[in-house]
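Colleague: This is the structure I want to talk about, given as structure tokens.
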Amino acid sequence: MSKGLLDGIVVLDLTRVLAGPYSGMLLADMGATVYKIEQPKKGDDSRAFGPFINGESAYYMNLNRNKFGVTLNLKTAEGKAVFIEMVKKADVVIENYRPGTMEKLGLGYEDLKKINPGIVYGCVSGFGHYGPYSQRAGYDIIGQAMGGLMSTTGWPDGAPTRTGTAMGDVLGGLGCTIGVLAAVVNKIKTGEGQKVDVSLVDSVVSSLEIITQIYLATGRIPERIGNRYESTYPYDSFKAKDGDVIIACGNDKLWKLLVGVMNQPELLEDERFAINALRVKNHAELKPIIEAWTVTLEVDTIVERLLEVGIPSSPINTIDRVVKDPHIAGAREMFVEVEHPVAGKTTLTGDHIKFSDKKAGIRMPAPTLGQHNSEVYGNFAGLSEETIREYLEKGIF
């Protein structure tokens, strides 16, 4: 496999758990040389997160593939000195400590840019590096709650609901990656570095698109509406004979096509459903009409019939269907088998960003704790074998 579009870009990855490692994973998948720097003996907290394969965390392995793994104690003078030498040669540093942690160590952005004026410093935190909430601890569920996502997720008669995956963390990781890449482009043009400050809460707020605009434009507070969409209908999930199916009619043309497939032409004469705005208003009356048709058929039959005439539709796949899907798992290569030195053959989630050449992909498995200490500290940091052995014995590595 080619080295990737970011070949030659060196990233020092101090992150742990999800948001930061996800960003480092994307950069590594795109070809950057990423040095995953972990706490000696303990490592990234997610090494203790299940599920496990031969004692190795699948959680950790998925988010830290393509990275070189080293250990380093930044609380020691020797550890700081080694890190500073690495910063001199690096392009990017990413971290997701609570704001102020790196500054207390003397390794914040203002400190590092004195050492390397071109350094790009990406940081992900719960609430960002400034503002009255900056010192609050931030986790995915807090990002989703504070950012408003949970208040609009779920069913009208249900409780606020966290999305099934850690979407706040993923959005934060994506934002950090985008910001870092923009700063790297700026560095190439100007030679100047940049601090990229990403908040989980901000990332969630940014993702709400129409939800916040409804309130800002009308004063109405959006509430939980299940699977339907605020702006068009039918755009919802419907019960079928053997599961649930999505039907997404985003305009009047698609609605007319759906009426044809259902063989209910009288619906075109129903004033309640004449235009999209009315169908949105009268969604509670329209859904049972459509569902009376869908419950008589199997999911795959409905999808096939709708796709044949150009109506967007899909099954609501369980994960076992996703990982076996010929498009997702096959053509798009979203699940990749990797040989790990301890876990053996494992399957990881592939990279979702596709390029015409030098594709993003999985080139090597996640490192075991400190796996590349000798290689990285010898070749990149320039330490002698004797010094490396000494630092290992002292717990600096």
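By convention in this document, the chains of the structure tokens carry letters A, B, ... by their order, each chain's residues are numbered from 1, and ligands are numbered from 1 in the order they are shown.
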Do a neighbour search on A:Asp13 at 7 Å with only C-alpha atoms, toss out local chain neighbours closer than 5 positions, and write the hits as an mmCIF file with C-alpha atoms, in the first residue's frame.

Modeller:
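Result file follows (selection39.cif):
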data_model
loop_
_atom_site.group_PDB
_atom_site.id
_atom_site.type_symbol
_atom_site.label_atom_id
_atom_site.label_comp_id
_atom_site.auth_asym_id
_atom_site.auth_seq_id
_atom_site.Cartn_x
_atom_site.Cartn_y
_atom_site.Cartn_z
ATOM 1 C CA GLY A 24 -4.554 10.664 15.251
ATOM 2 C CA VAL A 34 2.212 9.214 14.091
ATOM 3 C CA TYR A 35 4.109 8.534 17.315
ATOM 4 C CA LYS A 36 1.627 7.449 19.974
ATOM 5 C CA ILE A 37 3.148 8.610 23.295
ATOM 6 C CA VAL A 93 1.284 17.743 18.369
ATOM 7 C CA ILE A 94 -2.182 16.570 19.399
ATOM 8 C CA GLU A 95 -3.451 16.188 22.973
#

Colleague: Which residues are close to A:Phe273, i.e. within 12 Å by only C-alpha atoms, leaving aside same-chain residues fewer than 4 positions away? Reply as a list in words.

Modeller: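 Everything that qualifies: Thr232, Tyr233, Pro234, Asn251, Asp252, Trp255, Lys256, Val259, Glu266, Leu267, Leu268, Glu269, Ala277, Leu278, Arg279, Val280, Lys281, Asn282, His283, Ala284, Glu285, Leu286, Lys287 and Ile289 of chain A.
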
Colleague: With N, CA and C atoms retained, write the just-selected residues as a PDB file, in the first residue's frame.

Modeller:
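Just written: out_21.pdb:
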ATOM      1  N   THR A 232     -39.073  17.769   5.978  1.00  0.00           N
ATOM      2  CA  THR A 232     -39.709  17.087   4.847  1.00  0.00           C
ATOM      3  C   THR A 232     -40.363  15.800   5.329  1.00  0.00           C
ATOM      4  N   TYR A 233     -41.413  15.358   4.575  1.00  0.00           N
ATOM      5  CA  TYR A 233     -42.111  14.129   4.953  1.00  0.00           C
ATOM      6  C   TYR A 233     -42.824  13.562   3.727  1.00  0.00           C
ATOM      7  N   PRO A 234     -42.868  12.224   3.621  1.00  0.00           N
ATOM      8  CA  PRO A 234     -42.361  11.175   4.508  1.00  0.00           C
ATOM      9  C   PRO A 234     -40.847  11.003   4.417  1.00  0.00           C
ATOM     10  N   ASN A 251     -38.951  15.442  -1.599  1.00  0.00           N
ATOM     11  CA  ASN A 251     -39.638  16.467  -2.392  1.00  0.00           C
ATOM     12  C   ASN A 251     -40.969  15.919  -2.917  1.00  0.00           C
ATOM     13  N   ASP A 252     -41.729  16.776  -3.590  1.00  0.00           N
ATOM     14  CA  ASP A 252     -43.058  16.390  -4.066  1.00  0.00           C
ATOM     15  C   ASP A 252     -42.991  15.312  -5.141  1.00  0.00           C
ATOM     16  N   TRP A 255     -42.697  11.989  -3.507  1.00  0.00           N
ATOM     17  CA  TRP A 255     -43.972  11.643  -2.872  1.00  0.00           C
ATOM     18  C   TRP A 255     -44.936  11.051  -3.902  1.00  0.00           C
ATOM     19  N   LYS A 256     -45.010  11.648  -5.062  1.00  0.00           N
ATOM     20  CA  LYS A 256     -45.896  11.139  -6.106  1.00  0.00           C
ATOM     21  C   LYS A 256     -45.465   9.747  -6.556  1.00  0.00           C
ATOM     22  N   VAL A 259     -46.626   7.265  -3.905  1.00  0.00           N
ATOM     23  CA  VAL A 259     -48.064   7.001  -4.035  1.00  0.00           C
ATOM     24  C   VAL A 259     -48.310   5.983  -5.144  1.00  0.00           C
ATOM     25  N   GLU A 266     -55.491   7.973  -4.774  1.00  0.00           N
ATOM     26  CA  GLU A 266     -56.385   8.906  -4.072  1.00  0.00           C
ATOM     27  C   GLU A 266     -55.633   9.836  -3.127  1.00  0.00           C
ATOM     28  N   LEU A 267     -54.416   9.429  -2.691  1.00  0.00           N
ATOM     29  CA  LEU A 267     -53.633  10.275  -1.784  1.00  0.00           C
ATOM     30  C   LEU A 267     -53.190  11.567  -2.462  1.00  0.00           C
ATOM     31  N   LEU A 268     -53.081  11.542  -3.787  1.00  0.00           N
ATOM     32  CA  LEU A 268     -52.685  12.760  -4.500  1.00  0.00           C
ATOM     33  C   LEU A 268     -53.787  13.802  -4.483  1.00  0.00           C
ATOM     34  N   GLU A 269     -54.996  13.391  -4.199  1.00  0.00           N
ATOM     35  CA  GLU A 269     -56.129  14.316  -4.135  1.00  0.00           C
ATOM     36  C   GLU A 269     -56.402  14.774  -2.709  1.00  0.00           C
ATOM     37  N   ALA A 277     -44.863  20.964   2.813  1.00  0.00           N
ATOM     38  CA  ALA A 277     -45.133  21.654   4.083  1.00  0.00           C
ATOM     39  C   ALA A 277     -46.362  21.074   4.778  1.00  0.00           C
ATOM     40  N   LEU A 278     -47.379  20.694   4.003  1.00  0.00           N
ATOM     41  CA  LEU A 278     -48.578  20.107   4.579  1.00  0.00           C
ATOM     42  C   LEU A 278     -48.326  18.683   5.060  1.00  0.00           C
ATOM     43  N   ARG A 279     -47.491  17.941   4.332  1.00  0.00           N
ATOM     44  CA  ARG A 279     -47.173  16.584   4.781  1.00  0.00           C
ATOM     45  C   ARG A 279     -46.392  16.618   6.088  1.00  0.00           C
ATOM     46  N   VAL A 280     -45.506  17.601   6.237  1.00  0.00           N
ATOM     47  CA  VAL A 280     -44.789  17.763   7.511  1.00  0.00           C
ATOM     48  C   VAL A 280     -45.783  18.085   8.625  1.00  0.00           C
ATOM     49  N   LYS A 281     -46.684  18.993   8.349  1.00  0.00           N
ATOM     50  CA  LYS A 281     -47.679  19.392   9.349  1.00  0.00           C
ATOM     51  C   LYS A 281     -48.561  18.215   9.747  1.00  0.00           C
ATOM     52  N   ASN A 282     -48.913  17.378   8.773  1.00  0.00           N
ATOM     53  CA  ASN A 282     -49.868  16.289   9.005  1.00  0.00           C
ATOM     54  C   ASN A 282     -49.189  14.919   9.024  1.00  0.00           C
ATOM     55  N   HIS A 283     -47.934  14.891   9.469  1.00  0.00           N
ATOM     56  CA  HIS A 283     -47.171  13.639   9.470  1.00  0.00           C
ATOM     57  C   HIS A 283     -47.843  12.557  10.313  1.00  0.00           C
ATOM     58  N   ALA A 284     -48.503  12.958  11.413  1.00  0.00           N
ATOM     59  CA  ALA A 284     -49.119  11.961  12.302  1.00  0.00           C
ATOM     60  C   ALA A 284     -50.267  11.229  11.601  1.00  0.00           C
ATOM     61  N   GLU A 285     -50.949  11.890  10.672  1.00  0.00           N
ATOM     62  CA  GLU A 285     -52.010  11.249   9.907  1.00  0.00           C
ATOM     63  C   GLU A 285     -51.450  10.433   8.748  1.00  0.00           C
ATOM     64  N   LEU A 286     -50.312  10.877   8.197  1.00  0.00           N
ATOM     65  CA  LEU A 286     -49.761  10.210   7.015  1.00  0.00           C
ATOM     66  C   LEU A 286     -49.002   8.927   7.361  1.00  0.00           C
ATOM     67  N   LYS A 287     -48.288   8.928   8.478  1.00  0.00           N
ATOM     68  CA  LYS A 287     -47.462   7.756   8.790  1.00  0.00           C
ATOM     69  C   LYS A 287     -48.266   6.460   8.845  1.00  0.00           C
ATOM     70  N   ILE A 289     -50.901   5.635   7.358  1.00  0.00           N
ATOM     71  CA  ILE A 289     -51.360   5.275   6.010  1.00  0.00           C
ATOM     72  C   ILE A 289     -50.246   4.538   5.266  1.00  0.00           C
TER      73      ILE A 289
END

Colleague: Could you go through stretch 188-278 of chain A and tell me which residues DSSP, when run on the backbone, assigns to strand (DSSP E), listing them as a count of residues only?

Modeller: 16

Colleague: Which value, in Å to one decimal, gives the distance between atom CA of A:His327 and atom CA of A:Leu348?

Modeller: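 Straight-line distance from atom CA of A:His327 to atom CA of A:Leu348 works out to 16.6 Å.
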
Colleague: Just to confirm, what's the straight-line distance from atom CA of A:Leu18 to atom CA of A:Ile115 in Å (one decimal)?

Modeller: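 Spanning atom CA of A:Leu18 to atom CA of A:Ile115 is a straight-line distance of 28.4 Å.
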
Colleague: Have a look at atom CA of A:Pro160 and atom CA of A:Val124 and let me know their distance in Å, one decimal.

Modeller: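 Atom CA of A:Pro160 sits 25.1 Å away from atom CA of A:Val124.
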
Colleague: Need to verify the contact set: stretch 161-169 of chain A, 7 Å, only C-alpha atoms, exclusion of same-chain residues closer than 6 positions in sequence. Can you return it as a PDB file with N, CA and C atoms, in the first residue's frame?

Modeller:
ATOM      1  N   LEU A  18     -10.787   8.381  23.121  1.00  0.00           N
ATOM      2  CA  LEU A  18     -11.491   8.344  21.843  1.00  0.00           C
ATOM      3  C   LEU A  18     -11.290   9.562  20.948  1.00  0.00           C
ATOM      4  N   ALA A  19     -11.710  10.742  21.370  1.00  0.00           N
ATOM      5  CA  ALA A  19     -11.713  11.899  20.467  1.00  0.00           C
ATOM      6  C   ALA A  19     -10.339  12.175  19.867  1.00  0.00           C
ATOM      7  N   ASP A 140     -17.954  12.360  26.317  1.00  0.00           N
ATOM      8  CA  ASP A 140     -18.891  12.335  25.195  1.00  0.00           C
ATOM      9  C   ASP A 140     -20.319  12.634  25.637  1.00  0.00           C
ATOM     10  N   ILE A 141     -20.789  11.965  26.679  1.00  0.00           N
ATOM     11  CA  ILE A 141     -22.180  12.143  27.087  1.00  0.00           C
ATOM     12  C   ILE A 141     -22.446  13.572  27.556  1.00  0.00           C
ATOM     13  N   GLY A 143     -20.822  16.215  26.297  1.00  0.00           N
ATOM     14  CA  GLY A 143     -20.879  16.974  25.053  1.00  0.00           C
ATOM     15  C   GLY A 143     -22.240  16.870  24.394  1.00  0.00           C
ATOM     16  N   GLN A 144     -22.785  15.650  24.348  1.00  0.00           N
ATOM     17  CA  GLN A 144     -24.094  15.459  23.731  1.00  0.00           C
ATOM     18  C   GLN A 144     -25.201  16.141  24.536  1.00  0.00           C
ATOM     19  N   MET A 150     -28.829  15.447  22.847  1.00  0.00           N
ATOM     20  CA  MET A 150     -29.666  14.496  23.574  1.00  0.00           C
ATOM     21  C   MET A 150     -31.106  14.972  23.710  1.00  0.00           C
ATOM     22  N   THR A 153     -32.954  13.842  20.612  1.00  0.00           N
ATOM     23  CA  THR A 153     -32.780  12.454  20.177  1.00  0.00           C
ATOM     24  C   THR A 153     -33.675  11.538  20.997  1.00  0.00           C
ATOM     25  N   GLY A 154     -34.469  10.731  20.319  1.00  0.00           N
ATOM     26  CA  GLY A 154     -35.399   9.840  20.990  1.00  0.00           C
ATOM     27  C   GLY A 154     -36.812  10.078  20.490  1.00  0.00           C
ATOM     28  N   LEU A 200     -15.685  19.478  22.506  1.00  0.00           N
ATOM     29  CA  LEU A 200     -16.729  18.494  22.217  1.00  0.00           C
ATOM     30  C   LEU A 200     -18.098  19.158  22.143  1.00  0.00           C
ATOM     31  N   SER A 203     -18.491  21.101  18.986  1.00  0.00           N
ATOM     32  CA  SER A 203     -18.615  20.181  17.851  1.00  0.00           C
ATOM     33  C   SER A 203     -20.039  19.659  17.737  1.00  0.00           C
ATOM     34  N   VAL A 204     -20.646  19.339  18.875  1.00  0.00           N
ATOM     35  CA  VAL A 204     -22.037  18.879  18.862  1.00  0.00           C
ATOM     36  C   VAL A 204     -22.961  20.000  18.403  1.00  0.00           C
TER      37      VAL A 204
END

Colleague: What's around A:Gly31 at 10 Å? Count only C-alpha atoms, leave out sequence neighbours fewer than 3 positions away in its own chain, and write the answer as a list in words.

Modeller: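 Close residues of A:Gly31: Ser2, Lys3, Gly4, Leu5, Leu6, Asp7, Gly8, Ile9, Val10, Met25, Leu26, Leu27, Ala28, Val34, Asn66, Lys358, Lys359, Ala360, Gly361, Ile362 and Arg363 of chain A.
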
Colleague: Would you please work out which residue, of A:Ser23, A:Ser356, A:Asn373, A:Asn64, is nearest to A:Gly179 when using only C-alpha atoms?

Modeller: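 Among A:Ser23, A:Ser356, A:Asn373, A:Asn64, it is A:Ser23 that comes nearest to A:Gly179.
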
Colleague: Could you name the residues that touch A:Pro341 at 10 Å or less, counting only C-alpha atoms, but leaving out those on the same chain fewer than 4 positions away, as a VMD selection string?

Modeller: chain A and resid 56 345 365 to 368

Colleague: Would you please work out which residue, of A:Val303, A:Val170, A:Val180, A:Val201, is nearest to A:Gly126 when using only C-alpha atoms?

Modeller: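 Between A:Val303, A:Val170, A:Val180, A:Val201, the residue approaching A:Gly126 most closely is A:Val201.
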
Colleague: Name the closest residue to A:Ala81 among the candidates A:Leu105, A:Val323, A:Leu208, A:Val295; distances are taken between atoms, counting only C-alpha atoms.

Modeller: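 Smallest separation from A:Ala81 among the options: A:Leu105.
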
Colleague: Just the residues within 10 Å of A:Glu230, please, counting only C-alpha atoms, with nothing from its chain fewer than 4 positions along; format it as a list in words.

Modeller: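 So, after excluding close chain neighbours, the residues are Ile210, Ile211, Ile214, Pro222, Ile225, Tyr235, Val280 and Lys281 of chain A.
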
Colleague: So, with only C-alpha atoms as the atoms that count, which of A:Ser199, A:Gly175, A:Thr71, A:Lys114 lies closest to A:Gln135?

Modeller: A:Ser199

Colleague: From stretch 72-286 of chain A, collect each residue whose DSSP state is helix (DSSP H, G or I) and return the set as a PyMOL selection string.

Modeller: chain A and resi 77-89+101-104+109-115+140-146+150-152+167-190+200-207+210-218+252-262+265-269+271-273+276-281+283-286

Colleague: Do a neighbour search on stretch 96-101 of chain A at 7 Å with only C-alpha atoms, toss out local chain neighbours closer than 2 positions, and write the hits as a ChimeraX atom specification.

Modeller: /A:15,20,103-105,123-125,129,134-135,137

Colleague: Please write the residues from the selection above to a file, keeping all heavy atoms, as a compact mmCIF listing (two decimals), in the first residue's frame.

Modeller:
# COMPACT_ATOMS: atom_id res chain seq x y z
N THR A 15 -2.70 11.81 22.89
CA THR A 15 -4.11 11.64 23.24
C THR A 15 -4.42 10.26 23.78
O THR A 15 -3.65 9.32 23.63
CB THR A 15 -5.00 11.90 22.02
OG1 THR A 15 -4.78 10.87 21.04
CG2 THR A 15 -4.71 13.26 21.39
N GLY A 20 -9.32 12.28 20.73
CA GLY A 20 -7.96 12.54 20.25
C GLY A 20 -7.39 11.39 19.45
O GLY A 20 -6.86 11.59 18.35
N GLU A 103 0.25 23.15 29.95
CA GLU A 103 0.89 24.40 30.37
C GLU A 103 1.60 24.23 31.70
O GLU A 103 2.70 24.77 31.90
CB GLU A 103 -0.16 25.51 30.46
CG GLU A 103 -0.65 26.03 29.11
CD GLU A 103 -1.61 25.08 28.39
OE1 GLU A 103 -2.07 24.10 29.03
OE2 GLU A 103 -1.90 25.32 27.21
N LYS A 104 1.01 23.48 32.62
CA LYS A 104 1.65 23.24 33.91
C LYS A 104 2.95 22.46 33.76
O LYS A 104 3.88 22.60 34.57
CB LYS A 104 0.69 22.48 34.83
CG LYS A 104 -0.48 23.32 35.34
CD LYS A 104 -1.41 22.48 36.21
CE LYS A 104 -2.60 23.31 36.68
NZ LYS A 104 -3.56 22.49 37.48
N LEU A 105 3.02 21.64 32.73
CA LEU A 105 4.24 20.88 32.46
C LEU A 105 5.28 21.71 31.70
O LEU A 105 6.40 21.25 31.48
CB LEU A 105 3.91 19.63 31.63
CG LEU A 105 3.09 18.54 32.33
CD1 LEU A 105 2.66 17.49 31.31
CD2 LEU A 105 3.91 17.90 33.45
N CYS A 123 -5.69 20.45 20.01
CA CYS A 123 -6.15 20.00 21.32
C CYS A 123 -7.67 19.85 21.32
O CYS A 123 -8.39 20.69 20.79
CB CYS A 123 -5.70 20.96 22.42
SG CYS A 123 -5.94 22.71 22.08
N VAL A 124 -8.12 18.75 21.89
CA VAL A 124 -9.55 18.47 22.02
C VAL A 124 -9.89 18.38 23.49
O VAL A 124 -9.21 17.67 24.24
CB VAL A 124 -9.92 17.13 21.35
CG1 VAL A 124 -11.43 16.97 21.32
CG2 VAL A 124 -9.35 17.02 19.95
N SER A 125 -10.92 19.10 23.91
CA SER A 125 -11.35 19.05 25.31
C SER A 125 -12.85 19.18 25.37
O SER A 125 -13.51 19.43 24.35
CB SER A 125 -10.68 20.16 26.12
OG SER A 125 -11.01 21.44 25.60
N HIS A 129 -10.41 25.60 25.36
CA HIS A 129 -9.31 26.13 26.18
C HIS A 129 -9.58 27.51 26.75
O HIS A 129 -8.73 28.07 27.42
CB HIS A 129 -8.01 26.11 25.37
CG HIS A 129 -7.29 24.80 25.47
ND1 HIS A 129 -5.95 24.69 25.74
CD2 HIS A 129 -7.74 23.52 25.35
CE1 HIS A 129 -5.60 23.41 25.78
NE2 HIS A 129 -6.68 22.68 25.52
N SER A 134 -14.25 26.15 30.80
CA SER A 134 -13.08 25.46 30.24
C SER A 134 -12.45 24.44 31.17
O SER A 134 -11.86 23.45 30.71
CB SER A 134 -12.02 26.48 29.82
OG SER A 134 -11.52 27.19 30.94
N GLN A 135 -12.60 24.61 32.48
CA GLN A 135 -11.97 23.68 33.41
C GLN A 135 -12.86 22.50 33.80
O GLN A 135 -12.45 21.64 34.57
CB GLN A 135 -11.52 24.44 34.68
CG GLN A 135 -10.36 25.39 34.43
CD GLN A 135 -9.17 24.67 33.80
OE1 GLN A 135 -8.64 23.72 34.36
NE2 GLN A 135 -8.75 25.15 32.64
N ALA A 137 -14.58 18.94 33.42
CA ALA A 137 -14.24 17.69 32.74
C ALA A 137 -15.24 17.47 31.60
O ALA A 137 -16.42 17.79 31.72
CB ALA A 137 -14.30 16.52 33.72

Colleague: Pick out the closest residue to A:Asn317 from this set: A:Asp242, A:Phe335, A:Phe380, A:Ile53. Count only C-alpha atoms.

Modeller: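 Comparing A:Asp242, A:Phe335, A:Phe380, A:Ile53 against A:Asn317, the winner is A:Asp242.
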
Colleague: Could you check the closest approach to A:Ala381 for each of A:Glu85, A:Asp111, A:Glu223, A:Asp236 and tell me which residue wins, using only C-alpha atoms?

Modeller: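 The answer is A:Glu85, which sits nearest to A:Ala381.
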